Structures are given as structure tokens and as C-alpha cells.
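Trainee: Following this message is one structure expressed as C-alpha cells.
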Amino acid sequence: MAYASKAVVCISDGCLQGTVMESSNGLSYPAFWGIPFAKPPVGKLRFANPQPNDPWQGIYDASSSKNACIQKVTLVPTAPMFGTEDCLYLNVFVPVLEARHSNLLPVMVYIHGGGFLYGSAQQEQRDPSRFMSTRKVILVTFQYRLGVFGFFSTGDASAPGNFGMKDQVMALHWVKKNIQAFGGDPNRVTIFGESAGASCTQFHLLSPLSRGLFHRAITMSGSALASWSVPIENPLRLARNQAKVLGVPNAEELSTAELVEQLRDVDAAELTASIELLKLWDIHPITLYHPVVEPAEEPEPFLAEDPRDTWRRGDYASVPWLTGSIPTDGSIVTQTIYRNSSLIEDLNEKFTKLLPLILRTRVTKKKLARLRKRFLKTTSPTKWVTYDNYDEITKMLSEAWFLYPMVKSIKQHLANQKHTPTSIYSFQFRGRYSFSKLFTGSDKAYGLSHPDDMIYLFEMPLFFPDFPVRSPEEEMSKLWVKFFVDFATNDLVDPEETCFGKQCDIVTFDNTYNPYFPVSRKITRGLDEEMYQFWKDIFEETA
């Protein structure tokens, strides 16, 4: 294409030659793939804070994506290990390159999810075409170190931790410094993410390292206050256990500096695979590695204290905030169990022992009785997990892992009186494709699955074909993308869609089964106070 020759942008590090992509509806847009924003985190830079990359000579080829960060998707039993350690690259997508010569466009920066363990910014998983079709925003996607590479910590200066989070901060610095060259406004940046990416987004609200790098935030089906996301209590114990399963001699006696050096010498694939040996039951805990509170001697910590304390106190960025969930987000846990009859039977036998691991809180007989009364009304009193109670267990874990921490975050945020627009959504639309097929390996209908809403934001050719023209799914996608782009671009947020005082209504997306108007967007009643109080008692009561 003649237009492709125009896809050249020069930034502080040098000039970039991008490519021109074409969306499924025939729109062309410039894309800049695989731009380095940090030095490769290998050798001495494994388990170290990211370092700025060096400028390059000539024109950098930004026409194709780079490898994902090394990972193994334990949620999908048949998934192979893939990716490399050299993975700190970002992508920039511009609706029209001429935007550089007119008004600067708002910028949306996407943080992928995946339990701090997997995910990438590659085109086959996160194609940006739907955002580009709006012609209203520049989109940036990027990769950050995952699992042990991104979140290993010795709890002291040898490996302070949060390397994956600091990768994200460096990517945001890159955006602030360079996005204007692409026609983007560095003063109108919205960060957004789903699942662990949502937790990361909320961590950026909290972290002093991220202040001033963004101006709006969207958290989708994830929270920094969730039990699976809050800081690891004893990172050094996990670090020594990691060394032990790898056969490092005297792992318990080594100094932390020696421990780090030993693990820097381990082959990346061997280190990735060894995480499986740390699981306590099947693939659980899914989020084995996640952020930590960094040691006091760390000069520039990403997290200096427990985020639950920081959030409660209100010491976080005051920016417009959109948050929401899928009612059955807990399917990310249950579908990994119900895929297999032997796992159902095994979890039933071990349920009372494993529940404290799953919920990450003390579970007493009194709490067990309350959980049974609320969720297991049709389950035999001698059973916990059966072939027939997927919906009940999913509801339990959806509330515990997603809905409760979200509502807790909202209620504390409103109590802090930040006076910035706060909006909430609930995604309930069910389409023809679902992640349940990947998680369970079957075509059985499991209802809406975590993270099915992402299917309507990004094209995902690795997982799903595109939607048929004029299908309900295509209509949902247009509405869903518009919802996010409107939040990122509009100076004013619709008062009907924001919390007022302590009262919040919820923007709910659902099916109508009307062939002429197959998708509904309506305002529903506020927060589930009964659910919130139930889980507050479960998580905060000690008796």
C-alpha cells in the first residue's frame, strides 16, 4: 500500500517504521508493533528493576509483534509453554496518522490480565481493530514480566519484587514521553485492564510511582483488594520454596543475595515449569505469584504498604474511575474444577481444608454453616461440591473473589469523598463464543464465563472467529467499545451513570432476544448491600 510508507514516526529513541493494518470492516490504520520500552530483563536484569533501553541507529522495524513473556497457561491443561524473557515491548495503534497534525487524541493504555501468570499484547490475542474503527482514540498495549519473573521477591534489597508492576510503570512513562509524536495527548491517558490487569490498574491508582502518568482508570473484573491479588505475606518463604523445587542446594541456608544468583542461573523454561511443583491442589492457587509490599530500604517502592490500608485511607490518585464485573466471574476457578469428574470428587472430600486456601481467610465451622445456608440450598448436607452444583459454587466464588472486593473498593472510595466521577457496570450479555470452551475443553454450556466480555472489546483470532455481520454479538461489540471509548474521551460523564453521594446505580448490558434490538443497556438498582455485609463478616470476623 502506498499509505504504508507514511507510517514512520520519530521519537526520542529514534525513528520507527510501522505498518498499516486493515480491520475486518475494511478500515486501514497505522500500527507500530514491538517497540522496546526497557532493556531485555535477562542475565543480571532477571529479578531486577527494569532499565531504560538504549536509543537505536537508523529506522527501527516496528511492523511485527514481538514474543510474549515466557509463560505456561495452567488454566488450559493442553496449553504449551511459550514466550521468552526478552519481552518488554509495546504496541501503538493510531486511527489515522494525520492525527499528529490536528487535535491530539485521547490515549487508552491496556493492561492485559492472566492471573499475573500469563497473557500478552500479541495481535492474535488482542487485535485493536474495534477501537480503531471508532477513530477517536490511540490505543497502546504492552507486555510485562509474569509469574516468577515479574513477582519474585526475597523481601529485602536482594530482590525487592514487583518487577512486573515496575515494567508497567516504565511503559506508562514511555507513553507520557512519546505518545504526542503519534498524535496522542499525554495529558488524557486512560489505563484499563481486566482480571489481574484490573488489579494492576487499581495498584497504579495506589502507587506513588504511577502518579501523574494517567488521568482515568477502568477496572474490569478484578481488584487490588481481592484475596487473590493482595500482597504475598511471606515472599521469602515462597522464594526459598521455589529454589527447593528446582533442586538448589541448601536453599534454606543461602543468603538472599546467593539465592537470587542461583535462580538467575536457572534456564527460563525450567524456572517457568517448576512453578507447577508449588501448587497446593491441582492448578491452585492460580495466582501463586503476585505483588508484594517492598522492604523499607527500597528507595522507590511500587508498594510501600498493604494496599488495603492505603485504599481505606484514601491515599491514591483522584481520577474518574469506571469499574464493573461479570456476575459469574468466579467461573475462572470453578471451570478449572468442573472440567474433570475426579477433581469434583477430590475437592468435595477436601473442601473444608482447601476453602481457606481458595478464599485466603480463616474458615470456622460457623462460617462454613453460613456459607452452606447462603449458597448450597439444593446440595445434600453431606456434600460440598457435586456434579450438579456448578452454579452454586460459582456464585460463591464470584462474590468472594470479584463482587465483594469490587463493592468494598467502591464503598471505601465513596467514603473517602474523592469527588471524581465513579461509574459501575455489570456485563451480562451471553453470545455464541465463550472462554469456557478453552478452560474446560468441552462444548458444554457453562453460561457466561470470566473473561467473556473481552471478546467484545478486542478481536481474538487465536481463540474465536469474528462475529457475523449484523449479529447480536456484533451489536454488543459496537455498544461495548463505545462505552469504554466514551469514558476515555468525554469530559463529562452522564450523571445517570455515576455514583451520587453513597448511592450507585449500575449500567447493565444484557441480551433482549429481540431480533431488532438484541442488546440492552439499562440502569439497574445499586450495590448489593446484603452480599457485601455477608462477605465482610466472612473475611473480617475472627471468631
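Scheme for the C-alpha cells: letters A, B, ... for chains in order shown; per-chain residue numbers from 1; ligand numbers from 1 in order shown.
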Find the residues near segment 421-435 of chain A: any atom within 6 Å, counting only C-alpha atoms, skip ones fewer than 2 places away on the same chain, and give them as a PyMOL selection string.
Mentor: chain A and resi 320-326+437-438+448+452+473+497-499+506-511
Trainee: Excluding Gln533 of chain A and residues on its chain fewer than 6 positions from it, collect all residues at most 12 Å away from it, counting only C-alpha atoms, and give them as a list in words.
Mentor: Glu399, Ala400, Leu403, Tyr404, Pro405, Val407, Lys408, Lys411, Leu527, Phe539, Glu540 and Glu541 of chain A
Trainee: So which residues of segment 169-245 of chain A fall under strand (DSSP E or B) by DSSP, listed as a PDB file with C-alpha atoms, in the first residue's frame?
Mentor:
```
ATOM      1  CA  GLY A 184      -1.767  11.300  21.276  1.00  0.00           C
ATOM      2  CA  ASP A 185      -2.443  13.631  24.187  1.00  0.00           C
ATOM      3  CA  PRO A 186      -0.099  12.777  27.114  1.00  0.00           C
ATOM      4  CA  ASN A 187      -2.499  14.633  29.421  1.00  0.00           C
ATOM      5  CA  ARG A 188      -5.520  12.456  28.537  1.00  0.00           C
ATOM      6  CA  VAL A 189      -4.434   8.892  29.225  1.00  0.00           C
ATOM      7  CA  THR A 190      -6.895   6.219  30.385  1.00  0.00           C
ATOM      8  CA  ILE A 191      -5.454   2.992  31.764  1.00  0.00           C
ATOM      9  CA  PHE A 192      -7.679  -0.077  31.704  1.00  0.00           C
ATOM     10  CA  GLY A 193      -7.364  -3.774  32.346  1.00  0.00           C
ATOM     11  CA  GLU A 194      -9.339  -6.913  33.121  1.00  0.00           C
ATOM     12  CA  ARG A 216      -8.675   7.992  34.092  1.00  0.00           C
ATOM     13  CA  ALA A 217      -8.914   4.336  35.082  1.00  0.00           C
ATOM     14  CA  ILE A 218     -11.127   1.356  34.208  1.00  0.00           C
ATOM     15  CA  THR A 219     -11.021  -1.847  36.267  1.00  0.00           C
ATOM     16  CA  MET A 220     -12.807  -4.852  34.768  1.00  0.00           C
TER      17      MET A 220
END
```
Trainee: Contacts of Ala243 of chain A at 10 Å or less, counting only C-alpha atoms, minus same-chain residues fewer than 3 places along, as an mmCIF file with N, CA, C and O atoms, in the first residue's frame?
Mentor:
```cif
data_model
loop_
_atom_site.group_PDB
_atom_site.id
_atom_site.type_symbol
_atom_site.label_atom_id
_atom_site.label_comp_id
_atom_site.auth_asym_id
_atom_site.auth_seq_id
_atom_site.Cartn_x
_atom_site.Cartn_y
_atom_site.Cartn_z
ATOM 1 N N ARG A 237 9.692 -16.965 52.036
ATOM 2 C CA ARG A 237 9.354 -18.390 52.131
ATOM 3 C C ARG A 237 9.045 -18.948 50.738
ATOM 4 O O ARG A 237 9.507 -20.040 50.380
ATOM 5 N N LEU A 238 8.268 -18.200 49.950
ATOM 6 C CA LEU A 238 7.959 -18.638 48.594
ATOM 7 C C LEU A 238 9.235 -18.713 47.752
ATOM 8 O O LEU A 238 9.430 -19.654 46.971
ATOM 9 N N ALA A 239 10.136 -17.738 47.927
ATOM 10 C CA ALA A 239 11.393 -17.727 47.170
ATOM 11 C C ALA A 239 12.235 -18.967 47.492
ATOM 12 O O ALA A 239 12.809 -19.603 46.589
ATOM 13 N N ARG A 240 12.326 -19.311 48.777
ATOM 14 C CA ARG A 240 13.112 -20.491 49.156
ATOM 15 C C ARG A 240 12.428 -21.771 48.676
ATOM 16 O O ARG A 240 13.110 -22.718 48.242
ATOM 17 N N LEU A 246 13.460 -26.577 42.581
ATOM 18 C CA LEU A 246 14.413 -26.599 41.473
ATOM 19 C C LEU A 246 15.686 -27.370 41.814
ATOM 20 O O LEU A 246 16.581 -27.519 40.978
ATOM 21 N N GLY A 247 15.773 -27.838 43.068
ATOM 22 C CA GLY A 247 16.941 -28.603 43.476
ATOM 23 C C GLY A 247 18.157 -27.765 43.818
ATOM 24 O O GLY A 247 19.290 -28.274 43.796
ATOM 25 N N VAL A 248 17.939 -26.481 44.147
ATOM 26 C CA VAL A 248 19.067 -25.636 44.542
ATOM 27 C C VAL A 248 19.591 -26.137 45.892
ATOM 28 O O VAL A 248 18.833 -26.210 46.866
ATOM 29 N N PRO A 249 20.877 -26.479 45.996
ATOM 30 C CA PRO A 249 21.416 -26.996 47.263
ATOM 31 C C PRO A 249 21.326 -25.945 48.375
ATOM 32 O O PRO A 249 21.552 -24.752 48.145
ATOM 33 N N ASN A 250 20.981 -26.422 49.573
ATOM 34 C CA ASN A 250 20.970 -25.572 50.765
ATOM 35 C C ASN A 250 20.095 -24.325 50.590
ATOM 36 O O ASN A 250 20.444 -23.222 51.041
ATOM 37 N N ALA A 251 18.954 -24.506 49.936
ATOM 38 C CA ALA A 251 18.087 -23.357 49.636
ATOM 39 C C ALA A 251 17.638 -22.626 50.895
ATOM 40 O O ALA A 251 17.429 -21.409 50.878
ATOM 41 N N GLU A 252 17.498 -23.357 51.998
ATOM 42 C CA GLU A 252 17.036 -22.727 53.240
ATOM 43 C C GLU A 252 18.136 -21.915 53.914
ATOM 44 O O GLU A 252 17.845 -20.993 54.680
ATOM 45 N N LEU A 259 20.744 -16.670 46.965
ATOM 46 C CA LEU A 259 19.520 -17.294 46.448
ATOM 47 C C LEU A 259 19.158 -16.699 45.085
ATOM 48 O O LEU A 259 18.859 -17.426 44.124
ATOM 49 N N VAL A 260 19.207 -15.375 45.001
ATOM 50 C CA VAL A 260 18.887 -14.699 43.748
ATOM 51 C C VAL A 260 19.874 -15.103 42.656
ATOM 52 O O VAL A 260 19.482 -15.396 41.512
ATOM 53 N N GLN A 262 21.615 -17.834 42.390
ATOM 54 C CA GLN A 262 21.358 -19.217 41.977
ATOM 55 C C GLN A 262 20.191 -19.280 40.994
ATOM 56 O O GLN A 262 20.252 -19.989 39.979
ATOM 57 N N LEU A 263 19.122 -18.540 41.279
ATOM 58 C CA LEU A 263 17.931 -18.604 40.433
ATOM 59 C C LEU A 263 18.116 -17.841 39.125
ATOM 60 O O LEU A 263 17.416 -18.113 38.144
ATOM 61 N N VAL A 266 19.235 -20.354 36.460
ATOM 62 C CA VAL A 266 18.329 -21.428 36.028
ATOM 63 C C VAL A 266 17.757 -21.085 34.651
ATOM 64 O O VAL A 266 17.386 -19.936 34.383
ATOM 65 N N LEU A 271 12.587 -22.786 34.952
ATOM 66 C CA LEU A 271 12.039 -21.962 36.024
ATOM 67 C C LEU A 271 10.533 -21.810 35.864
ATOM 68 O O LEU A 271 9.772 -21.921 36.839
ATOM 69 N N SER A 274 8.752 -25.105 36.769
ATOM 70 C CA SER A 274 8.848 -25.505 38.181
ATOM 71 C C SER A 274 7.747 -24.935 39.046
ATOM 72 O O SER A 274 7.477 -25.439 40.142
#
```
Trainee: Can you list every residue of segment 345-418 of chain A that has an atom at most 8 Å from segment 221-228 of chain A, with its nearest atom pair and the distance in Å to one decimal, using only C-alpha atoms, ordered by chain then number, as CSV?
Mentor:
```
residue,atom,partner,partner_atom,distance
A:Leu359,CA,A:Ser227,CA,6.5
A:Arg360,CA,A:Ser227,CA,6.0
A:Trp401,CA,A:Ala226,CA,5.9
A:Phe402,CA,A:Gly222,CA,6.0
A:Pro405,CA,A:Ala226,CA,5.2
A:Met406,CA,A:Ser223,CA,6.1
A:Ser409,CA,A:Leu225,CA,7.1
```
Trainee: Write a file of the just-selected residues containing C-alpha atoms, as a compact mmCIF listing (two decimals), in the first residue's frame.
Mentor:
```txt
# COMPACT_ATOMS: atom_id res chain seq x y z
CA LEU A 359 -10.66 -17.71 49.99
CA ARG A 360 -7.37 -16.85 51.73
CA TRP A 401 -13.18 -13.21 44.55
CA PHE A 402 -14.76 -10.43 42.48
CA PRO A 405 -13.72 -6.72 46.73
CA MET A 406 -15.19 -4.52 43.99
CA SER A 409 -13.38 -0.72 46.92
```
Trainee: For segment 295-369 of chain A against segment 391-397 of chain A, with a cut-off of 7 Å and counting only C-alpha atoms, what is the closest atom pair and its distance in Å to one decimal for every residue that makes the cut, ordered by chain and number, as JSON lines?
Mentor:
```
{"residue": "A:Thr328", "atom": "CA", "partner": "A:Lys395", "partner_atom": "CA", "distance": 6.3}
{"residue": "A:Gly330", "atom": "CA", "partner": "A:Leu397", "partner_atom": "CA", "distance": 4.8}
{"residue": "A:Ser331", "atom": "CA", "partner": "A:Thr394", "partner_atom": "CA", "distance": 5.6}
{"residue": "A:Thr334", "atom": "CA", "partner": "A:Thr394", "partner_atom": "CA", "distance": 5.9}
```
Trainee: My list of candidates is A:Asp282, A:Asp61, A:Ser398, A:Trp311. Which is closest to Leu347 of chain A when distances are computed with only C-alpha atoms?
Mentor: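 Among the listed residues, the smallest separation from Leu347 of chain A belongs to A:Asp282.
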Trainee: What's around His173 of chain A at 10 Å? Count only C-alpha atoms, leave out sequence neighbours fewer than 3 positions away in its own chain, and write the answer as a CSV table (one decimal) with all heavy atoms, in the first residue's frame.
Mentor:
```csv
chain,number,residue,atom,x,y,z
A,37,PHE,N,10.5,-0.7,25.3
A,37,PHE,CA,10.5,0.4,26.3
A,37,PHE,C,11.4,0.1,27.5
A,37,PHE,O,11.5,1.0,28.4
A,37,PHE,CB,9.0,0.5,26.8
A,37,PHE,CG,8.4,-0.6,27.6
A,37,PHE,CD1,8.6,-0.7,28.9
A,37,PHE,CD2,7.7,-1.6,26.9
A,37,PHE,CE1,8.1,-1.8,29.7
A,37,PHE,CE2,7.1,-2.6,27.6
A,37,PHE,CZ,7.3,-2.7,29.0
A,167,ASP,N,7.7,-2.7,35.4
A,167,ASP,CA,7.7,-2.8,33.9
A,167,ASP,C,6.5,-1.9,33.4
A,167,ASP,O,6.6,-1.1,32.5
A,167,ASP,CB,7.5,-4.2,33.4
A,167,ASP,CG,8.7,-5.1,33.7
A,167,ASP,OD1,9.7,-4.6,34.0
A,167,ASP,OD2,8.5,-6.3,33.6
A,168,GLN,N,5.3,-2.1,34.0
A,168,GLN,CA,4.1,-1.3,33.6
A,168,GLN,C,4.4,0.2,33.8
A,168,GLN,O,4.0,1.0,33.0
A,168,GLN,CB,2.9,-1.8,34.4
A,168,GLN,CG,2.5,-3.2,34.2
A,168,GLN,CD,1.4,-3.7,35.0
A,168,GLN,OE1,0.6,-2.9,35.5
A,168,GLN,NE2,1.2,-5.0,35.2
A,169,VAL,N,5.0,0.6,34.9
A,169,VAL,CA,5.2,2.0,35.2
A,169,VAL,C,6.2,2.5,34.1
A,169,VAL,O,5.9,3.6,33.6
A,169,VAL,CB,5.9,2.2,36.6
A,169,VAL,CG1,6.3,3.6,36.8
A,169,VAL,CG2,4.9,1.8,37.7
A,170,MET,N,7.2,1.7,33.7
A,170,MET,CA,8.1,2.2,32.7
A,170,MET,C,7.3,2.4,31.4
A,170,MET,O,7.6,3.3,30.6
A,170,MET,CB,9.3,1.3,32.6
A,170,MET,CG,10.3,1.8,31.6
A,170,MET,SD,12.0,1.0,31.9
A,170,MET,CE,12.6,2.0,33.3
A,176,LYS,N,3.9,8.7,28.3
A,176,LYS,CA,3.9,10.1,28.6
A,176,LYS,C,4.9,10.9,27.8
A,176,LYS,O,4.7,12.0,27.3
A,176,LYS,CB,4.1,10.3,30.1
A,176,LYS,CG,4.0,11.8,30.6
A,176,LYS,CD,4.0,11.9,32.1
A,176,LYS,CE,3.8,13.3,32.5
A,176,LYS,NZ,2.4,13.8,32.3
A,177,LYS,N,6.1,10.3,27.6
A,177,LYS,CA,7.2,10.9,26.9
A,177,LYS,C,7.0,10.9,25.4
A,177,LYS,O,7.5,11.9,24.8
A,177,LYS,CB,8.5,10.2,27.3
A,177,LYS,CG,9.8,10.7,26.7
A,177,LYS,CD,11.0,9.9,27.1
A,177,LYS,CE,12.3,10.4,26.5
A,177,LYS,NZ,13.4,9.5,27.0
A,178,ASN,N,6.4,9.9,24.8
A,178,ASN,CA,6.5,9.7,23.4
A,178,ASN,C,5.2,9.8,22.6
A,178,ASN,O,5.2,9.9,21.4
A,178,ASN,CB,7.2,8.4,23.1
A,178,ASN,CG,8.6,8.3,23.5
A,178,ASN,OD1,9.4,9.1,23.1
A,178,ASN,ND2,8.9,7.4,24.4
A,179,ILE,N,4.0,9.7,23.3
A,179,ILE,CA,2.8,9.5,22.6
A,179,ILE,C,2.4,10.7,21.7
A,179,ILE,O,1.7,10.5,20.7
A,179,ILE,CB,1.7,9.1,23.6
A,179,ILE,CG1,0.6,8.3,22.8
A,179,ILE,CG2,1.1,10.3,24.3
A,179,ILE,CD1,1.0,7.0,22.3
A,186,PRO,N,-0.7,13.4,25.9
A,186,PRO,CA,-0.1,12.8,27.1
A,186,PRO,C,-0.8,13.2,28.4
A,186,PRO,O,-0.6,12.6,29.4
A,186,PRO,CB,1.3,13.3,27.1
A,186,PRO,CG,1.3,14.5,26.3
A,186,PRO,CD,0.2,14.3,25.3
A,209,LEU,N,4.7,5.6,42.4
A,209,LEU,CA,5.5,5.6,41.1
A,209,LEU,C,4.6,5.9,39.9
A,209,LEU,O,5.2,6.3,38.9
A,209,LEU,CB,6.1,4.2,41.0
A,209,LEU,CG,7.2,3.8,42.0
A,209,LEU,CD1,7.9,2.5,41.5
A,209,LEU,CD2,8.2,4.9,42.2
A,210,SER,N,3.3,5.7,40.0
A,210,SER,CA,2.4,5.9,38.8
A,210,SER,C,1.7,7.3,38.8
A,210,SER,O,1.0,7.5,37.8
A,210,SER,CB,1.4,4.8,38.8
A,210,SER,OG,2.0,3.5,39.0
A,212,GLY,N,0.5,10.8,38.1
A,212,GLY,CA,0.6,11.7,37.0
A,212,GLY,C,0.8,11.1,35.7
A,212,GLY,O,0.9,11.8,34.7
A,213,LEU,N,0.9,9.8,35.6
A,213,LEU,CA,1.1,9.1,34.4
A,213,LEU,C,-0.2,8.7,33.6
A,213,LEU,O,-0.2,8.2,32.5
A,213,LEU,CB,1.9,7.8,34.6
A,213,LEU,CG,3.3,8.0,35.2
A,213,LEU,CD1,4.0,6.7,35.4
A,213,LEU,CD2,4.2,8.9,34.3
A,214,PHE,N,-1.4,8.9,34.3
A,214,PHE,CA,-2.6,8.6,33.7
A,214,PHE,C,-3.7,9.5,34.3
A,214,PHE,O,-3.5,10.1,35.4
A,214,PHE,CB,-3.0,7.1,33.8
A,214,PHE,CG,-3.2,6.7,35.3
A,214,PHE,CD1,-4.4,6.8,35.9
A,214,PHE,CD2,-2.0,6.3,36.0
A,214,PHE,CE1,-4.5,6.4,37.3
A,214,PHE,CE2,-2.2,5.9,37.3
A,214,PHE,CZ,-3.4,5.9,38.0
```
Trainee: Go through A:Val42, A:Val73, A:Ala198, A:Val94 and flag the residue nearest Ser28 of chain A, using only C-alpha atoms for the distances.
Mentor: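 With only C-alpha atoms as the atom set, the closest residue is A:Val94.
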Trainee: Counting only C-alpha atoms, what is within 10 Å of Gly18 of chain A, bar same-chain residues fewer than 2 positions away, as a PyMOL selection string?
Mentor: chain A and resi 4-9+15-16+20-21+30-35+59-64+91-93
Trainee: For those residues, write N, CA, C and O atoms to a file as a JSON list (two decimals), in the first residue's frame.
Mentor:
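Writing the result to part-v1.json gives the following:
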```
[["chain", "number", "residue", "atom", "x", "y", "z"],
["A", 4, "ALA", "N", 1.48, 2.85, 3.39],
["A", 4, "ALA", "CA", 2.38, 2.24, 4.36],
["A", 4, "ALA", "C", 3.66, 3.05, 4.52],
["A", 4, "ALA", "O", 4.24, 3.11, 5.59],
["A", 5, "SER", "N", 4.14, 3.67, 3.44],
["A", 5, "SER", "CA", 5.38, 4.43, 3.52],
["A", 5, "SER", "C", 5.26, 5.62, 4.45],
["A", 5, "SER", "O", 6.26, 6.18, 4.88],
["A", 6, "LYS", "N", 4.04, 6.03, 4.74],
["A", 6, "LYS", "CA", 3.84, 7.18, 5.62],
["A", 6, "LYS", "C", 3.86, 6.79, 7.10],
["A", 6, "LYS", "O", 3.83, 7.65, 7.96],
["A", 7, "ALA", "N", 3.88, 5.48, 7.37],
["A", 7, "ALA", "CA", 3.79, 5.03, 8.76],
["A", 7, "ALA", "C", 5.16, 5.07, 9.41],
["A", 7, "ALA", "O", 5.70, 4.06, 9.85],
["A", 8, "VAL", "N", 5.74, 6.26, 9.44],
["A", 8, "VAL", "CA", 7.03, 6.47, 10.09],
["A", 8, "VAL", "C", 6.86, 7.56, 11.14],
["A", 8, "VAL", "O", 6.31, 8.62, 10.86],
["A", 9, "VAL", "N", 7.29, 7.26, 12.37],
["A", 9, "VAL", "CA", 7.21, 8.22, 13.47],
["A", 9, "VAL", "C", 8.57, 8.26, 14.15],
["A", 9, "VAL", "O", 9.20, 7.22, 14.35],
["A", 15, "CYS", "N", 13.75, 6.66, 15.04],
["A", 15, "CYS", "CA", 12.57, 6.61, 14.18],
["A", 15, "CYS", "C", 12.03, 5.18, 14.07],
["A", 15, "CYS", "O", 12.79, 4.20, 14.14],
["A", 16, "LEU", "N", 10.72, 5.08, 13.89],
["A", 16, "LEU", "CA", 10.02, 3.80, 13.82],
["A", 16, "LEU", "C", 9.31, 3.67, 12.49],
["A", 16, "LEU", "O", 8.60, 4.59, 12.06],
["A", 20, "VAL", "N", 0.64, -0.85, 8.09],
["A", 20, "VAL", "CA", -0.75, -0.46, 8.00],
["A", 20, "VAL", "C", -1.61, -1.71, 8.12],
["A", 20, "VAL", "O", -1.43, -2.68, 7.38],
["A", 21, "MET", "N", -2.47, -1.70, 9.11],
["A", 21, "MET", "CA", -3.37, -2.83, 9.36],
["A", 21, "MET", "C", -4.72, -2.53, 8.71],
["A", 21, "MET", "O", -5.06, -1.37, 8.48],
["A", 30, "PRO", "N", -2.60, 2.87, 10.89],
["A", 30, "PRO", "CA", -1.19, 2.59, 11.16],
["A", 30, "PRO", "C", -1.01, 1.85, 12.49],
["A", 30, "PRO", "O", -1.71, 2.14, 13.48],
["A", 31, "ALA", "N", -0.08, 0.93, 12.49],
["A", 31, "ALA", "CA", 0.22, 0.15, 13.69],
["A", 31, "ALA", "C", 1.74, 0.08, 13.86],
["A", 31, "ALA", "O", 2.47, -0.15, 12.90],
["A", 32, "PHE", "N", 2.18, 0.25, 15.08],
["A", 32, "PHE", "CA", 3.60, 0.19, 15.41],
["A", 32, "PHE", "C", 3.79, -0.90, 16.46],
["A", 32, "PHE", "O", 3.37, -0.75, 17.61],
["A", 33, "TRP", "N", 4.39, -1.99, 16.03],
["A", 33, "TRP", "CA", 4.48, -3.19, 16.85],
["A", 33, "TRP", "C", 5.88, -3.34, 17.46],
["A", 33, "TRP", "O", 6.88, -3.00, 16.84],
["A", 34, "GLY", "N", 5.91, -3.90, 18.67],
["A", 34, "GLY", "CA", 7.18, -4.37, 19.22],
["A", 34, "GLY", "C", 8.19, -3.28, 19.51],
["A", 34, "GLY", "O", 9.39, -3.46, 19.27],
["A", 35, "ILE", "N", 7.73, -2.14, 20.03],
["A", 35, "ILE", "CA", 8.65, -1.05, 20.37],
["A", 35, "ILE", "C", 9.26, -1.34, 21.74],
["A", 35, "ILE", "O", 8.52, -1.52, 22.72],
["A", 59, "ILE", "N", 16.38, 3.32, 11.23],
["A", 59, "ILE", "CA", 14.93, 3.21, 11.44],
["A", 59, "ILE", "C", 14.61, 1.84, 12.02],
["A", 59, "ILE", "O", 15.01, 0.81, 11.47],
["A", 60, "TYR", "N", 13.92, 1.84, 13.13],
["A", 60, "TYR", "CA", 13.55, 0.59, 13.82],
["A", 60, "TYR", "C", 12.34, -0.02, 13.11],
["A", 60, "TYR", "O", 11.35, 0.66, 12.82],
["A", 61, "ASP", "N", 12.41, -1.32, 12.86],
["A", 61, "ASP", "CA", 11.31, -2.03, 12.19],
["A", 61, "ASP", "C", 10.22, -2.35, 13.22],
["A", 61, "ASP", "O", 10.38, -3.24, 14.06],
["A", 62, "ALA", "N", 9.14, -1.61, 13.15],
["A", 62, "ALA", "CA", 8.01, -1.81, 14.08],
["A", 62, "ALA", "C", 6.80, -2.35, 13.32],
["A", 62, "ALA", "O", 5.66, -1.95, 13.56],
["A", 63, "SER", "N", 7.06, -3.28, 12.42],
["A", 63, "SER", "CA", 5.98, -3.79, 11.57],
["A", 63, "SER", "C", 5.42, -5.13, 12.03],
["A", 63, "SER", "O", 4.43, -5.62, 11.47],
["A", 64, "SER", "N", 6.03, -5.75, 13.06],
["A", 64, "SER", "CA", 5.51, -7.04, 13.54],
["A", 64, "SER", "C", 5.71, -7.14, 15.04],
["A", 64, "SER", "O", 6.62, -6.53, 15.61],
["A", 91, "ASN", "N", 3.01, -1.73, 21.86],
["A", 91, "ASN", "CA", 2.44, -1.50, 20.53],
["A", 91, "ASN", "C", 1.60, -0.23, 20.57],
["A", 91, "ASN", "O", 0.91, 0.03, 21.57],
["A", 92, "VAL", "N", 1.64, 0.53, 19.50],
["A", 92, "VAL", "CA", 0.84, 1.75, 19.40],
["A", 92, "VAL", "C", -0.01, 1.67, 18.14],
["A", 92, "VAL", "O", 0.52, 1.40, 17.05],
["A", 93, "PHE", "N", -1.31, 1.92, 18.28],
["A", 93, "PHE", "CA", -2.24, 1.87, 17.17],
["A", 93, "PHE", "C", -2.91, 3.24, 17.04],
["A", 93, "PHE", "O", -3.44, 3.77, 18.01]]
```
Trainee: Atom CA of Glu22 of chain A and atom CA of Met132 of chain A, how far apart in Å?
Mentor: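 Atom CA of Glu22 of chain A lies 9.8 Å from atom CA of Met132 of chain A.
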Trainee: List as a PyMOL selection string the protein and nucleic acid residues near Trp384 of chain A, meaning an atom at most 9 Å away when only C-alpha atoms are counted, but skip any in the same chain fewer than 3 places from it.
Mentor: chain A and resi 347-349+351-352+372+376+379-381+389+393
Trainee: Near Lys418 of chain A, counting only C-alpha atoms, which residues have an atom at most 10 Å away, once you skip same-chain residues fewer than 2 positions from it, shown as number ranges by chain?
Mentor: A: 314, 316-320, 413-416, 420-422
Trainee: Any chance you could list, as JSON, numbers by chain, the residues in segment 439-537 of chain A that come up alpha helix (DSSP H) when DSSP is run on the backbone?
Mentor: {"A": [439, 440, 472, 473, 474, 475, 476, 477, 478, 479, 480, 481, 482, 483, 484, 485, 486, 487, 488, 489, 529, 530, 531, 532, 533, 534, 535, 536, 537]}
Trainee: Considering only C-alpha atoms, can you say which of A:Lys72, A:Lys444, A:Lys383, A:Arg211 comes closest to Ala273 of chain A?
Mentor: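 Comparing A:Lys72, A:Lys444, A:Lys383, A:Arg211 against Ala273 of chain A, the winner is A:Lys72.
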Trainee: Just give me the gap between atom CA of Leu27 of chain A and atom CA of Phe484 of chain A in Å, one decimal is fine.
Mentor: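 Result for atom CA of Leu27 of chain A versus atom CA of Phe484 of chain A: 20.0 Å, one decimal.
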Trainee: Counting only C-alpha atoms, which residue out of A:Leu172, A:Met531, A:Cys87, A:Met108 sits closest to Phe149 of chain A?
Mentor: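 Of A:Leu172, A:Met531, A:Cys87, A:Met108, the one nearest Phe149 of chain A is A:Cys87, counting only C-alpha atoms.
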Trainee: Which is closest to Arg308 of chain A among A:Gln202, A:Asn25, A:Thr272, A:Ser129, if we use only C-alpha atoms?
Mentor: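 Nearest candidate to Arg308 of chain A out of A:Gln202, A:Asn25, A:Thr272, A:Ser129: A:Gln202.
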